[in-house]
Amino acid sequence: MFIKVNRDKCSGCETCITSCPFDAIVMKEGKAEITEFCQACRSCLSVCPEGAIMEVEEESDRKEKGQGRGVWVFAEQRDGVIAGVSFELLGAGRRLADMLGTELSAVLFGCSAADAAELIRWGADRVYHCDDPMLCSFNDEPWSGLLSGLIAEHKPEIVLAGATPIGRSFLPRVAARLKTGLTADCTSLDIDPETKNLVQVRPAFGGNIMAAILCPNARPQMATVRPRVMKRGEYSASRQGEIVRMDAGSIQSRTRLIETIKEVSEVAINLQEANIIVAGGRGVGSEKGFQILYELAAALDGCVAASRAAVDEGWIPYRHQVGQTGKTVSPKLYIACGISGAVQHLVGMQSSDIIVAINRNPEAPIFNVASYGIVGDLFEIVPKLTKKIREAKGL
Amino acid sequence: MKIVVCIKQVPDTAEVRINPETNTLIRDGVPSIINPYDMHAIEAGLQIREKAGGSVTAVTMGPPQAEASLREAVSMGVDGAALVSDRAFAGSDTWATAYTLSKAIALLGADIIICGKQAIDGDTAQVGPEIAEFLGIPHVAYVRRIDDVRDNAIVVQRLMDDGYDVIESSLPVLLTVVRELNVPRLPSLKGKMAAKKAEIRKLTASDIGAEEASLGLNGSPTQVKNIFAPEAKKDRQMLAGTADESIDILVKELVARKCL
């Protein structure tokens, strides 16, 4: 499929040029022309007042759809502990499997049979478990080899994994080997009721826009999902399922783990577990400006976070950063001060229960996600809010 | 040591916004830059060359104007530059991009391939590991330090959520690097002169011997269905009045919702 301009119809009005997120439309001899940057995203189709832009289907578009049945979740572990994102994926995977009327399977490398059984209680019908000690610590080549082998054998239609350093490192190898699509960092997953294809929504362009991605012909449809974006499914202690034990076969790798150094930042842990977060952005203006945010956070018994803009300015260290390239958080209360609300930031905090936004610009996009919005100067509002909260708490 | 650095020219996305009414991008005057993570990849390549000897070649896949990013890489000190460009590459997703770049790199030859951990326009972090798979070589992602480079092996630190792993890999290897790795150097005057005169090698689909069915939109398993502005939250409310009035309402609401 590709996009084409009917030169006879084109009036040269240039409306389509700004509609293109990829800068793929140029004017040539007074008419619009689609260049090689075109990603066929169809954004321009509806904006042309003359109806001169159209989709052209090619012979090769009518490919056989790959075969596949079942939804799979890769259950990641580190140091023998199953990562939280695995349970969230089981929640998402269960929902997709039920929509498709199919089974949900989990794949677990390392860990014990008891851990595998736990995955069933979190929603899996089946667990493919390989407990070879060689697989206990993460290693790209053996993990990608084993997972692609399993997928090739059982042909699931969907495979989900965590968008963690581990998932983001080895899943691309699996997708490359299987010649199928992989969509990174999805924030929502759904089934198209007509085609039964997986609709994968992810932020693009630094998170300023959202894109819905399809993998229409190749199977499996693969996606990674960031931790704390999806809700866990229902836990049932009585849920029954099947555990399939597998042999790893001969494991070979050209990379070797020499050692693992733990360097856990307390800030990062506190941020992800905090009930209350006070966050600052470009509007905070300086390192010193963050002082009033720390005072508010102290009154609330919360933590201080920041947007990418504030971190890039050097006002606060990276470990405080919330957003697509920082941490994803979902506290009970998130107070955004002087944060404009680029999607880059929103994707990292919009699942918070209550969002309060304080910003001078009434048009700031942060207000689109705010439960409570206050237009005003944060340097006036934040200290007053701190005082009021201290009073309310009897401090 | 033959080092290849993969770079990408990207819009400076911090400045791209979407008009929520029309679902179109507002991108007047958004400048093009070398993807910031790739700057660290270039620096890493130059530092390895300074220690171990050899050459650094910068490669980019993109439209003809991406040549500007290659000249910038030359100004920082890379020895050669190749532009992989062809209309047949149009609409490539990460799979097709990685396939195309792997074919170009195979042609150039490399002991160490270095990529930024991700590009700031797509943020997928997939092309690096996929290139390694296509080339049939190991990779280490999120490299935050290079501890040792030997003739046939490399020792690096991989950044993880809870610290870092020290990994030894045989060569050839592909690394994707994070910002903590280094501080990219500024171009020297000599470098800027060299950049003006540098010959940029142009590689087309037939030059790299790529299969047509694996290129561009046709070779891409994924498709963009549509793009849209993020949704607004439903139960939102703007607190009007003076600062004191709105703070009063807010604190009452927070108490009522058991936040305090």
# chains A, B, ... in the order shown; residues from 1 in each chain; ligands from 1
>>> interface_residues(of="chain B", to="chain A", cutoff="6 Å", atoms="only C-alpha atoms", output="JSON, numbers by chain")
{"B": [13, 17, 24, 25, 87, 90, 91, 120, 121, 122, 124, 126, 129, 130, 133, 141, 160, 162, 163, 164, 165, 166, 167, 168, 169, 170, 221, 222, 223, 224, 225, 226, 227, 228, 229, 232, 233, 236, 237, 238, 239]}
>>> select_by_dssp(residues="range 94-248 of chain B", states="helix (DSSP H, G or I)", output="PyMOL selection string")
chain B and resi 94-108+127-135+179-181+189-197+212-214+216-219+243-248
>>> write_last_selection(atoms="C-alpha atoms", output="PDB file, in the first residue's frame")
ATOM      1  CA  THR B  94      12.591  -1.250  12.629  1.00  0.00           C
ATOM      2  CA  TRP B  95      12.780  -4.699  11.022  1.00  0.00           C
ATOM      3  CA  ALA B  96      13.392  -3.366   7.502  1.00  0.00           C
ATOM      4  CA  THR B  97      15.727  -0.635   8.786  1.00  0.00           C
ATOM      5  CA  ALA B  98      17.844  -3.145  10.692  1.00  0.00           C
ATOM      6  CA  TYR B  99      17.906  -5.475   7.678  1.00  0.00           C
ATOM      7  CA  THR B 100      19.055  -2.675   5.375  1.00  0.00           C
ATOM      8  CA  LEU B 101      21.718  -1.377   7.770  1.00  0.00           C
ATOM      9  CA  SER B 102      23.006  -4.908   8.397  1.00  0.00           C
ATOM     10  CA  LYS B 103      23.519  -5.367   4.652  1.00  0.00           C
ATOM     11  CA  ALA B 104      25.437  -2.084   4.453  1.00  0.00           C
ATOM     12  CA  ILE B 105      27.568  -2.950   7.497  1.00  0.00           C
ATOM     13  CA  ALA B 106      28.333  -6.390   6.082  1.00  0.00           C
ATOM     14  CA  LEU B 107      29.643  -4.638   2.977  1.00  0.00           C
ATOM     15  CA  LEU B 108      31.785  -2.199   4.986  1.00  0.00           C
ATOM     16  CA  VAL B 127      17.271  -1.435  15.531  1.00  0.00           C
ATOM     17  CA  GLY B 128      20.614  -2.110  17.291  1.00  0.00           C
ATOM     18  CA  PRO B 129      19.839  -5.605  18.604  1.00  0.00           C
ATOM     19  CA  GLU B 130      18.043  -6.457  15.340  1.00  0.00           C
ATOM     20  CA  ILE B 131      21.130  -5.511  13.288  1.00  0.00           C
ATOM     21  CA  ALA B 132      23.194  -7.857  15.489  1.00  0.00           C
ATOM     22  CA  GLU B 133      20.737 -10.684  14.847  1.00  0.00           C
ATOM     23  CA  PHE B 134      20.826 -10.116  11.068  1.00  0.00           C
ATOM     24  CA  LEU B 135      24.642 -10.107  11.135  1.00  0.00           C
ATOM     25  CA  ARG B 179      24.437   8.821  27.865  1.00  0.00           C
ATOM     26  CA  GLU B 180      26.416   7.917  30.990  1.00  0.00           C
ATOM     27  CA  LEU B 181      29.123   6.410  28.766  1.00  0.00           C
ATOM     28  CA  LEU B 189      38.527  23.454  13.423  1.00  0.00           C
ATOM     29  CA  LYS B 190      40.509  20.856  11.500  1.00  0.00           C
ATOM     30  CA  GLY B 191      37.546  18.530  11.698  1.00  0.00           C
ATOM     31  CA  LYS B 192      35.220  21.155  10.299  1.00  0.00           C
ATOM     32  CA  MET B 193      37.563  21.682   7.348  1.00  0.00           C
ATOM     33  CA  ALA B 194      37.732  17.923   6.778  1.00  0.00           C
ATOM     34  CA  ALA B 195      33.936  17.710   6.952  1.00  0.00           C
ATOM     35  CA  LYS B 196      33.554  20.156   4.084  1.00  0.00           C
ATOM     36  CA  LYS B 197      35.857  18.175   1.834  1.00  0.00           C
ATOM     37  CA  GLU B 212      13.767  -6.123  -2.599  1.00  0.00           C
ATOM     38  CA  ALA B 213      10.979  -7.897  -0.709  1.00  0.00           C
ATOM     39  CA  SER B 214      12.681  -7.081   2.605  1.00  0.00           C
ATOM     40  CA  GLY B 216      10.824  -0.331   2.780  1.00  0.00           C
ATOM     41  CA  LEU B 217       7.102  -0.473   3.383  1.00  0.00           C
ATOM     42  CA  ASN B 218       6.780  -3.893   1.733  1.00  0.00           C
ATOM     43  CA  GLY B 219       9.518  -5.407   3.863  1.00  0.00           C
ATOM     44  CA  ALA B 243      -4.857  31.475  44.554  1.00  0.00           C
ATOM     45  CA  ASP B 244      -6.149  31.244  48.131  1.00  0.00           C
ATOM     46  CA  GLU B 245      -9.635  30.237  47.021  1.00  0.00           C
ATOM     47  CA  SER B 246      -8.458  27.508  44.672  1.00  0.00           C
ATOM     48  CA  ILE B 247      -6.004  26.172  47.262  1.00  0.00           C
ATOM     49  CA  ASP B 248      -8.853  25.999  49.788  1.00  0.00           C
TER      50      ASP B 248
END
>>> closest_residue(among="B:Val140, B:Leu70, B:Val255, B:Ala81", to="Val56 in chain B", atoms="only C-alpha atoms")
B:Ala81
>>> residues_around(residues="His320 in chain A", least_positions_apart="4", cutoff="9 Å", atoms="only C-alpha atoms", output="PDB file with N, CA and C atoms, in the first residue's frame")
ATOM      1  N   VAL A 267      16.212   6.776  45.585  1.00  0.00           N
ATOM      2  CA  VAL A 267      15.245   7.714  45.007  1.00  0.00           C
ATOM      3  C   VAL A 267      14.328   6.985  44.031  1.00  0.00           C
ATOM      4  N   ALA A 268      14.946   6.157  43.158  1.00  0.00           N
ATOM      5  CA  ALA A 268      14.172   5.480  42.123  1.00  0.00           C
ATOM      6  C   ALA A 268      13.150   4.542  42.754  1.00  0.00           C
ATOM      7  N   LEU A 271      10.423   6.562  44.432  1.00  0.00           N
ATOM      8  CA  LEU A 271       9.536   7.171  43.442  1.00  0.00           C
ATOM      9  C   LEU A 271       8.490   6.181  42.981  1.00  0.00           C
ATOM     10  N   ALA A 279       6.041  16.935  41.436  1.00  0.00           N
ATOM     11  CA  ALA A 279       6.977  16.966  40.314  1.00  0.00           C
ATOM     12  C   ALA A 279       7.119  18.375  39.759  1.00  0.00           C
ATOM     13  N   VAL A 304       9.932  13.794  45.446  1.00  0.00           N
ATOM     14  CA  VAL A 304      10.040  14.800  44.397  1.00  0.00           C
ATOM     15  C   VAL A 304      10.474  14.139  43.088  1.00  0.00           C
ATOM     16  N   ALA A 305       9.763  14.477  42.013  1.00  0.00           N
ATOM     17  CA  ALA A 305      10.119  13.983  40.688  1.00  0.00           C
ATOM     18  C   ALA A 305      10.270  15.174  39.755  1.00  0.00           C
ATOM     19  N   ALA A 306      10.642  14.895  38.487  1.00  0.00           N
ATOM     20  CA  ALA A 306      10.856  15.991  37.545  1.00  0.00           C
ATOM     21  C   ALA A 306      10.555  15.528  36.137  1.00  0.00           C
ATOM     22  N   SER A 307      10.298  16.497  35.256  1.00  0.00           N
ATOM     23  CA  SER A 307      10.109  16.191  33.846  1.00  0.00           C
ATOM     24  C   SER A 307      11.479  16.162  33.169  1.00  0.00           C
ATOM     25  N   VAL A 311      15.334  17.930  34.059  1.00  0.00           N
ATOM     26  CA  VAL A 311      16.534  17.097  34.186  1.00  0.00           C
ATOM     27  C   VAL A 311      17.569  17.524  33.143  1.00  0.00           C
ATOM     28  N   ILE A 316      18.073  18.909  38.487  1.00  0.00           N
ATOM     29  CA  ILE A 316      17.784  17.773  39.370  1.00  0.00           C
ATOM     30  C   ILE A 316      18.308  16.520  38.660  1.00  0.00           C
ATOM     31  N   GLY A 326      12.184   8.173  31.394  1.00  0.00           N
ATOM     32  CA  GLY A 326      12.523   8.064  32.811  1.00  0.00           C
ATOM     33  C   GLY A 326      11.694   6.964  33.444  1.00  0.00           C
ATOM     34  N   LYS A 327      11.235   7.201  34.656  1.00  0.00           N
ATOM     35  CA  LYS A 327      10.449   6.199  35.365  1.00  0.00           C
ATOM     36  C   LYS A 327       8.958   6.361  35.046  1.00  0.00           C
TER      37      LYS A 327
END
>>> atom_distance(atom1="CA of Cys259 in chain B", atom2="CA of Ile335 in chain A")
11.7 Å
>>> select_by_dssp(residues="range 57-249 of chain B", states="strand (DSSP E)", output="compact mmCIF listing (two decimals) with C-alpha atoms, in the first residue's frame")
# COMPACT_ATOMS: atom_id res chain seq x y z
CA THR B 57 33.14 4.83 9.80
CA ALA B 58 29.81 6.57 10.37
CA VAL B 59 26.80 5.09 8.60
CA THR B 60 23.33 6.50 8.27
CA MET B 61 20.25 5.29 6.45
CA GLY B 80 34.83 7.68 6.71
CA ALA B 81 31.12 8.09 6.12
CA ALA B 82 28.50 6.15 4.18
CA LEU B 83 24.98 7.25 3.28
CA VAL B 84 22.60 4.35 2.71
CA ILE B 112 32.77 -3.32 16.63
CA ILE B 113 29.44 -1.69 15.69
CA ILE B 114 28.15 1.05 17.96
CA CYS B 115 24.62 2.49 18.01
CA GLY B 116 22.89 4.92 20.36
CA HIS B 139 25.27 -7.60 21.12
CA VAL B 140 25.28 -5.81 24.44
CA ALA B 141 22.62 -3.14 24.97
CA TYR B 142 22.71 -0.10 27.30
CA VAL B 143 26.49 0.05 27.59
CA ARG B 144 27.46 2.59 30.24
CA ARG B 145 31.19 1.88 30.33
CA ILE B 146 33.78 0.15 28.18
CA ASP B 147 36.25 -1.48 30.54
CA ASP B 148 38.59 -3.23 28.14
CA VAL B 149 39.06 -3.69 24.40
CA ALA B 153 37.11 -9.56 22.98
CA ILE B 154 35.59 -6.61 24.79
CA VAL B 155 34.47 -6.08 28.39
CA VAL B 156 31.64 -3.62 28.99
CA GLN B 157 29.13 -2.62 31.65
CA ARG B 158 25.44 -2.93 30.81
CA LEU B 159 23.08 -0.58 32.65
CA MET B 160 20.17 -2.41 34.31
CA GLY B 163 22.63 -1.61 38.86
CA TYR B 164 24.83 -2.96 36.09
CA ASP B 165 26.14 -6.21 34.63
CA VAL B 166 29.76 -6.66 33.60
CA ILE B 167 29.77 -8.55 30.31
CA GLU B 168 32.53 -10.00 28.20
CA SER B 169 31.82 -10.54 24.52
CA SER B 170 33.80 -11.94 21.65
CA VAL B 173 30.04 -7.34 18.55
CA LEU B 174 27.37 -4.66 18.42
CA LEU B 175 26.98 -2.24 21.34
CA THR B 176 24.15 0.17 22.04
CA VAL B 177 25.23 2.98 24.34
CA ILE B 200 30.55 10.58 1.48
CA ARG B 201 30.16 7.06 0.11
CA LYS B 202 26.66 6.54 -1.30
CA LEU B 203 25.12 3.08 -1.06
CA GLN B 223 2.30 -0.57 9.76
CA VAL B 224 1.20 2.71 11.25
CA LYS B 225 -2.61 2.51 11.35
CA ASN B 226 -3.12 6.11 12.40
CA ILE B 227 -1.74 8.79 14.68
CA PHE B 228 -3.63 10.92 17.18
CA GLN B 237 -11.91 20.34 36.78
CA MET B 238 -10.24 23.74 36.69
>>> residues_around(residues="Gly70 in chain A", least_positions_apart="4", cutoff="6 Å", atoms="only C-alpha atoms", output="list in words")
Thr102, Glu103, Pro156 and Glu157 of chain A
>>> atom_distance(atom1="CA of Leu254 in chain B", atom2="CA of Glu391 in chain A")
13.3 Å
